[in-house]
Amino acid sequence: MDILKEISENLQKGKAKIVKELVGQAIEQGIPAGEILEKGLMSGMDVVGEKFKNNQVYVPEVLVAARAMNMGAALLKPLLSEGENVSAGKVCIGTVKGDLHDIGKNLVKMMMEGKGLEVVDLGTDVSPEDYINTAKEQNCQIICCSALLTTTMPVMGEVVKLAEREGIRDKVKIMVGGAPVTEAFCKEIGADKYTPDAASAADAAVEFCRAAG
Amino acid sequence: MTNRERFIRTLKCESIGGQVPTFELVFFLTMEKFGKVHPSHRYYGQWNQMSQAERKLHMDEMAQLYVDTARAYGHSAIFVHPNPGGLENTQWLLELIREKSGDEYYLMAHGDPTWAIPDGDGMTEFSMRMYEKPEKLNEESARRVEEALEFARKLDERGHLLDGFTLCSDYCFNVNPFFSPEAFDQFIAPYLKESIAEYRKMGYYTIKHTDGNIMPIVKQMADCGPDAIHSLDPQGGVSIPEVRRIIGNDIALAGNVNCGLLQTGTDEECRADVLRSLREGMAEGRGYIFSTSNCAYTGLPLERYEMMMDIWRKYGNYDNDKRNFI
């Protein structure tokens, strides 16, 4: 079997050690690092992401696949050329102020990294100022806000308003998600995108970054 | 019938007529309602430094707050959250509540040894254990079950003041369960089933709670034999008629009032949701406990909870003409 296909298939099964070994072999065979990344690792994560969206696999399967991807990608990182090393885009993500829940936020982060996005994780209890300052300082194209509590959801609106006041609203897309968040709420606060699950969030982020060029 | 008897008969899915029983996993809004800090919001770092007289004042006041909450809202059951925890304090709190209210209320406490969704930091490690060390994980599950049952046995030996355990490990996100149906069978179901069966042998009832979309695993949860399933989270797309279709009419259902909507919806939206919940829950004429789809959480507007309870008082009665729901 084509080694890149083998990498992809083992990644889908979460076989981290085998993925790492296969990536090592692929490097020895002289396959360019960018090709291993794209046709082996990311191709595998794409399949996992699609299956997750279609309820064919669940969160643990995604997590073990993401771990396998990270182990393989760690071998490739020093070998990627400057051009190849450019990420698909940069995102800062966090759970909004007053909210300490991190499960959903971490899942979205993992799925985004699986899509080749660079993710700055601000953690939980993140103030609007921290989102905006990070986006400005690190040139993020996207701000992702997560909330599990209805009582903390309004902070997402504050992030949107602060982005407007700071003059970066036309430079960043603001994505929102979390258990109580809805499409209607997203529109109401003037955010750009609501997604109901982590895989869709990653897809949407990639689309935004592509559109931004 | 006392509230406790009505609650127990509802858990047994018997027809009770009259008002539908109600309770909350937690009613956090005690400061607004009674001017008192909720027991779970108190920090008792110096508990052991206190004199016994001071500890008693605290414990007594917490017990009174639980009873006052139940009385104020017509709850049939009290979920105790002992603070500080442990066997002795749990027993003490139960004794005080029974002293103050006799057998008026069904008393429940936490007692779920099964795995919940891990937190964000531990989720990957837990998933790896599921894949790489399933036997070890299950050995740990068995130990957790034994610890929970030992706690139950000790409470049983001390007078069996508790009526039941509520098993609150959350299994589901809004979109899907954390555990696939296969993983649920491997890592959860055997231990959930054993816990429930052993609790039952000791004379305890069980309510299994989880937030989120339970539909892919609801039959498996029901097959573990709880007396009731709680939360029925509309934010996770759970509908009472659909759950009834899958698990039948012999397991009680509790919850389903969209607690997110109570925070963010209009009065009309909330009213419609509460009425929908009552209508669907009461449709079988038995086996339904009215409550929010989670709890009366910190930050929930008190007036919204009270509006919900006003609607329950008016419409949540099996003897009422069903046309009232139109």
# chains A, B, ... in the order shown; residues from 1 in each chain; ligands from 1

$ interface_residues --of "chain B" --to "chain A" --cutoff "7 Å" --atoms "only C-alpha atoms" --output "NGL selection string"
:B and (119-120 or 124 or 127-128 or 174-175 or 178-180 or 235 or 260 or 263 or 299)

$ write_last_selection --atoms "C-alpha atoms" --output "short mmCIF file (atom, residue, chain, number, x, y, z; two decimals), in the first residue's frame"
data_model
loop_
_atom_site.label_atom_id
_atom_site.label_comp_id
_atom_site.auth_asym_id
_atom_site.auth_seq_id
_atom_site.Cartn_x
_atom_site.Cartn_y
_atom_site.Cartn_z
CA ASP B 119 -12.67 18.03 31.25
CA GLY B 120 -10.84 19.63 28.37
CA THR B 124 -7.22 13.23 25.31
CA SER B 127 -9.51 8.75 25.29
CA MET B 128 -6.07 7.16 25.03
CA ASN B 174 -25.52 18.84 22.57
CA VAL B 175 -24.61 17.19 19.30
CA PHE B 178 -19.03 11.56 24.25
CA PHE B 179 -19.09 7.77 24.31
CA SER B 180 -20.15 6.01 21.13
CA GLN B 235 -30.83 22.01 23.76
CA GLY B 260 -31.27 28.06 28.32
CA GLN B 263 -32.37 32.86 30.40
CA GLY B 299 -27.46 33.76 36.98
#

$ residues_around --residues "Tyr43 of chain B" --least-positions-apart "5" --cutoff "12 Å" --atoms "only C-alpha atoms" --output "JSON, numbers by chain"
{"B": [37, 38, 58, 82, 83, 84, 85]}

$ atom_distance --atom1 "atom CA of Ile97 of chain B" --atom2 "atom CA of His230 of chain B"
23.6 Å

$ atom_distance --atom1 "atom CA of His41 of chain B" --atom2 "atom CA of Ala63 of chain B"
14.5 Å

$ select_by_dssp --residues "segment 143-251 of chain B" --states "strand (DSSP E or B)" --output "ChimeraX atom specification"
/B:164-167,172,177,205-209,228-231

$ write_last_selection --atoms "C-alpha atoms" --output "JSON list (two decimals), in the first residue's frame"
[["chain", "number", "residue", "atom", "x", "y", "z"],
["B", 164, "GLY", "CA", -32.37, 7.52, 46.47],
["B", 165, "PHE", "CA", -29.30, 8.42, 44.51],
["B", 166, "THR", "CA", -29.17, 10.66, 41.50],
["B", 167, "LEU", "CA", -26.44, 9.65, 39.11],
["B", 172, "CYS", "CA", -23.46, 13.84, 26.23],
["B", 177, "PRO", "CA", -22.71, 11.55, 23.35],
["B", 205, "TYR", "CA", -34.33, 4.56, 44.01],
["B", 206, "THR", "CA", -32.18, 5.92, 41.19],
["B", 207, "ILE", "CA", -32.47, 8.80, 38.78],
["B", 208, "LYS", "CA", -29.95, 8.88, 35.97],
["B", 209, "HIS", "CA", -29.09, 12.44, 34.88],
["B", 228, "ALA", "CA", -36.06, 7.76, 36.04],
["B", 229, "ILE", "CA", -34.02, 9.57, 33.43],
["B", 230, "HIS", "CA", -33.43, 13.25, 34.08],
["B", 231, "SER", "CA", -32.73, 16.36, 32.10]]

$ closest_residue --among "B:Pro113, B:Asn176, B:Gly212, B:Leu137" --to "Glu125 of chain B" --atoms "only C-alpha atoms"
B:Leu137

$ residues_around --residues "Ser127 of chain A" --least-positions-apart "3" --cutoff "12 Å" --atoms "only C-alpha atoms" --output "list in words"
Ile93, Gly94, Thr95, Val96, Lys97, Gly98, Asp99, Leu122, Gly123, Thr124, Asp130, Tyr131, Ile132, Asn133, Thr134, Cys145, Ser146, Thr152, Pro154, Val155, Met156, Gly157, Glu158, Val159, Val160 and Leu162 of chain A

$ write_last_selection --atoms "N, CA and C atoms" --output "PDB file, in the first residue's frame"
ATOM      1  N   ILE A  93      -8.467  31.465  20.126  1.00  0.00           N
ATOM      2  CA  ILE A  93      -9.672  30.807  20.645  1.00  0.00           C
ATOM      3  C   ILE A  93      -9.680  30.865  22.169  1.00  0.00           C
ATOM      4  N   GLY A  94     -10.867  30.958  22.738  1.00  0.00           N
ATOM      5  CA  GLY A  94     -10.962  30.942  24.197  1.00  0.00           C
ATOM      6  C   GLY A  94     -12.400  30.807  24.646  1.00  0.00           C
ATOM      7  N   THR A  95     -12.566  30.439  25.892  1.00  0.00           N
ATOM      8  CA  THR A  95     -13.888  30.434  26.516  1.00  0.00           C
ATOM      9  C   THR A  95     -14.080  31.795  27.182  1.00  0.00           C
ATOM     10  N   VAL A  96     -15.239  32.380  27.002  1.00  0.00           N
ATOM     11  CA  VAL A  96     -15.425  33.787  27.385  1.00  0.00           C
ATOM     12  C   VAL A  96     -15.376  34.023  28.890  1.00  0.00           C
ATOM     13  N   LYS A  97     -15.172  35.268  29.244  1.00  0.00           N
ATOM     14  CA  LYS A  97     -15.039  35.683  30.644  1.00  0.00           C
ATOM     15  C   LYS A  97     -16.209  35.180  31.491  1.00  0.00           C
ATOM     16  N   GLY A  98     -15.874  34.649  32.644  1.00  0.00           N
ATOM     17  CA  GLY A  98     -16.895  34.149  33.567  1.00  0.00           C
ATOM     18  C   GLY A  98     -17.211  32.677  33.364  1.00  0.00           C
ATOM     19  N   ASP A  99     -16.631  32.095  32.337  1.00  0.00           N
ATOM     20  CA  ASP A  99     -16.961  30.708  31.991  1.00  0.00           C
ATOM     21  C   ASP A  99     -15.675  29.878  31.992  1.00  0.00           C
ATOM     22  N   LEU A 122      -6.256  30.808  24.247  1.00  0.00           N
ATOM     23  CA  LEU A 122      -6.264  31.772  25.350  1.00  0.00           C
ATOM     24  C   LEU A 122      -6.817  31.166  26.628  1.00  0.00           C
ATOM     25  N   GLY A 123      -7.262  29.936  26.565  1.00  0.00           N
ATOM     26  CA  GLY A 123      -7.768  29.261  27.767  1.00  0.00           C
ATOM     27  C   GLY A 123      -9.214  29.618  28.054  1.00  0.00           C
ATOM     28  N   THR A 124      -9.534  29.661  29.348  1.00  0.00           N
ATOM     29  CA  THR A 124     -10.905  29.960  29.762  1.00  0.00           C
ATOM     30  C   THR A 124     -10.942  31.329  30.444  1.00  0.00           C
ATOM     31  N   ASP A 130      -8.635  40.635  26.004  1.00  0.00           N
ATOM     32  CA  ASP A 130      -7.617  39.629  25.689  1.00  0.00           C
ATOM     33  C   ASP A 130      -7.801  39.070  24.278  1.00  0.00           C
ATOM     34  N   TYR A 131      -9.049  38.840  23.884  1.00  0.00           N
ATOM     35  CA  TYR A 131      -9.286  38.362  22.507  1.00  0.00           C
ATOM     36  C   TYR A 131      -8.746  39.383  21.501  1.00  0.00           C
ATOM     37  N   ILE A 132      -9.146  40.634  21.709  1.00  0.00           N
ATOM     38  CA  ILE A 132      -8.825  41.659  20.715  1.00  0.00           C
ATOM     39  C   ILE A 132      -7.327  41.949  20.674  1.00  0.00           C
ATOM     40  N   ASN A 133      -6.718  42.062  21.863  1.00  0.00           N
ATOM     41  CA  ASN A 133      -5.279  42.326  21.891  1.00  0.00           C
ATOM     42  C   ASN A 133      -4.505  41.202  21.219  1.00  0.00           C
ATOM     43  N   THR A 134      -4.922  39.966  21.481  1.00  0.00           N
ATOM     44  CA  THR A 134      -4.219  38.826  20.871  1.00  0.00           C
ATOM     45  C   THR A 134      -4.390  38.850  19.351  1.00  0.00           C
ATOM     46  N   CYS A 145     -15.008  32.337  19.961  1.00  0.00           N
ATOM     47  CA  CYS A 145     -15.479  32.478  21.335  1.00  0.00           C
ATOM     48  C   CYS A 145     -16.389  31.301  21.693  1.00  0.00           C
ATOM     49  N   SER A 146     -16.101  30.679  22.820  1.00  0.00           N
ATOM     50  CA  SER A 146     -16.903  29.545  23.285  1.00  0.00           C
ATOM     51  C   SER A 146     -17.563  29.907  24.607  1.00  0.00           C
ATOM     52  N   THR A 152     -23.005  33.660  30.415  1.00  0.00           N
ATOM     53  CA  THR A 152     -21.757  34.228  29.908  1.00  0.00           C
ATOM     54  C   THR A 152     -21.811  34.527  28.406  1.00  0.00           C
ATOM     55  N   PRO A 154     -23.448  36.679  26.711  1.00  0.00           N
ATOM     56  CA  PRO A 154     -23.388  38.096  26.299  1.00  0.00           C
ATOM     57  C   PRO A 154     -21.971  38.623  26.102  1.00  0.00           C
ATOM     58  N   VAL A 155     -20.988  37.993  26.724  1.00  0.00           N
ATOM     59  CA  VAL A 155     -19.602  38.449  26.550  1.00  0.00           C
ATOM     60  C   VAL A 155     -19.206  38.378  25.076  1.00  0.00           C
ATOM     61  N   MET A 156     -19.793  37.417  24.349  1.00  0.00           N
ATOM     62  CA  MET A 156     -19.483  37.302  22.917  1.00  0.00           C
ATOM     63  C   MET A 156     -19.860  38.591  22.178  1.00  0.00           C
ATOM     64  N   GLY A 157     -20.981  39.156  22.557  1.00  0.00           N
ATOM     65  CA  GLY A 157     -21.398  40.422  21.965  1.00  0.00           C
ATOM     66  C   GLY A 157     -20.418  41.537  22.288  1.00  0.00           C
ATOM     67  N   GLU A 158     -19.865  41.495  23.501  1.00  0.00           N
ATOM     68  CA  GLU A 158     -18.885  42.514  23.897  1.00  0.00           C
ATOM     69  C   GLU A 158     -17.612  42.396  23.053  1.00  0.00           C
ATOM     70  N   VAL A 159     -17.264  41.150  22.709  1.00  0.00           N
ATOM     71  CA  VAL A 159     -16.076  40.940  21.865  1.00  0.00           C
ATOM     72  C   VAL A 159     -16.302  41.593  20.494  1.00  0.00           C
ATOM     73  N   VAL A 160     -17.498  41.387  19.953  1.00  0.00           N
ATOM     74  CA  VAL A 160     -17.817  41.967  18.641  1.00  0.00           C
ATOM     75  C   VAL A 160     -17.740  43.501  18.720  1.00  0.00           C
ATOM     76  N   LEU A 162     -16.126  45.370  20.868  1.00  0.00           N
ATOM     77  CA  LEU A 162     -14.769  45.853  21.100  1.00  0.00           C
ATOM     78  C   LEU A 162     -13.947  45.778  19.808  1.00  0.00           C
TER      79      LEU A 162
END

$ residues_around --residues "segment 36-50 of chain A" --least-positions-apart "6" --cutoff "6 Å" --atoms "only C-alpha atoms" --output "list in words"
Leu4, Ile7, Ser8, Leu11, Gln12, Met69, Gly114 and Ala199 of chain A

$ write_last_selection --atoms "C-alpha atoms" --output "PDB file, in the first residue's frame"
ATOM      1  CA  LEU A   4       0.862   7.999   2.530  1.00  0.00           C
ATOM      2  CA  ILE A   7      -0.375   6.949   7.276  1.00  0.00           C
ATOM      3  CA  SER A   8      -3.860   8.297   6.606  1.00  0.00           C
ATOM      4  CA  LEU A  11      -4.226   8.023  11.727  1.00  0.00           C
ATOM      5  CA  GLN A  12      -7.956   7.461  11.296  1.00  0.00           C
ATOM      6  CA  MET A  69      -1.503  13.579  13.765  1.00  0.00           C
ATOM      7  CA  GLY A 114      -5.986  19.070  12.186  1.00  0.00           C
ATOM      8  CA  ALA A 199     -15.692  19.795  12.817  1.00  0.00           C
TER       9      ALA A 199
END

$ closest_atom_pairs --of "segment 194-310 of chain B" --to "segment 17-20 of chain B" --cutoff "9 Å" --atoms "only C-alpha atoms" --output "JSON lines"
{"residue": "B:Leu278", "atom": "CA", "partner": "B:Val20", "partner_atom": "CA", "distance": 8.8}
{"residue": "B:Met282", "atom": "CA", "partner": "B:Val20", "partner_atom": "CA", "distance": 7.9}
{"residue": "B:Gly285", "atom": "CA", "partner": "B:Gly17", "partner_atom": "CA", "distance": 7.8}
{"residue": "B:Arg286", "atom": "CA", "partner": "B:Gly17", "partner_atom": "CA", "distance": 8.1}
{"residue": "B:Tyr288", "atom": "CA", "partner": "B:Val20", "partner_atom": "CA", "distance": 7.0}
{"residue": "B:Ile289", "atom": "CA", "partner": "B:Val20", "partner_atom": "CA", "distance": 6.3}
{"residue": "B:Phe290", "atom": "CA", "partner": "B:Val20", "partner_atom": "CA", "distance": 6.7}
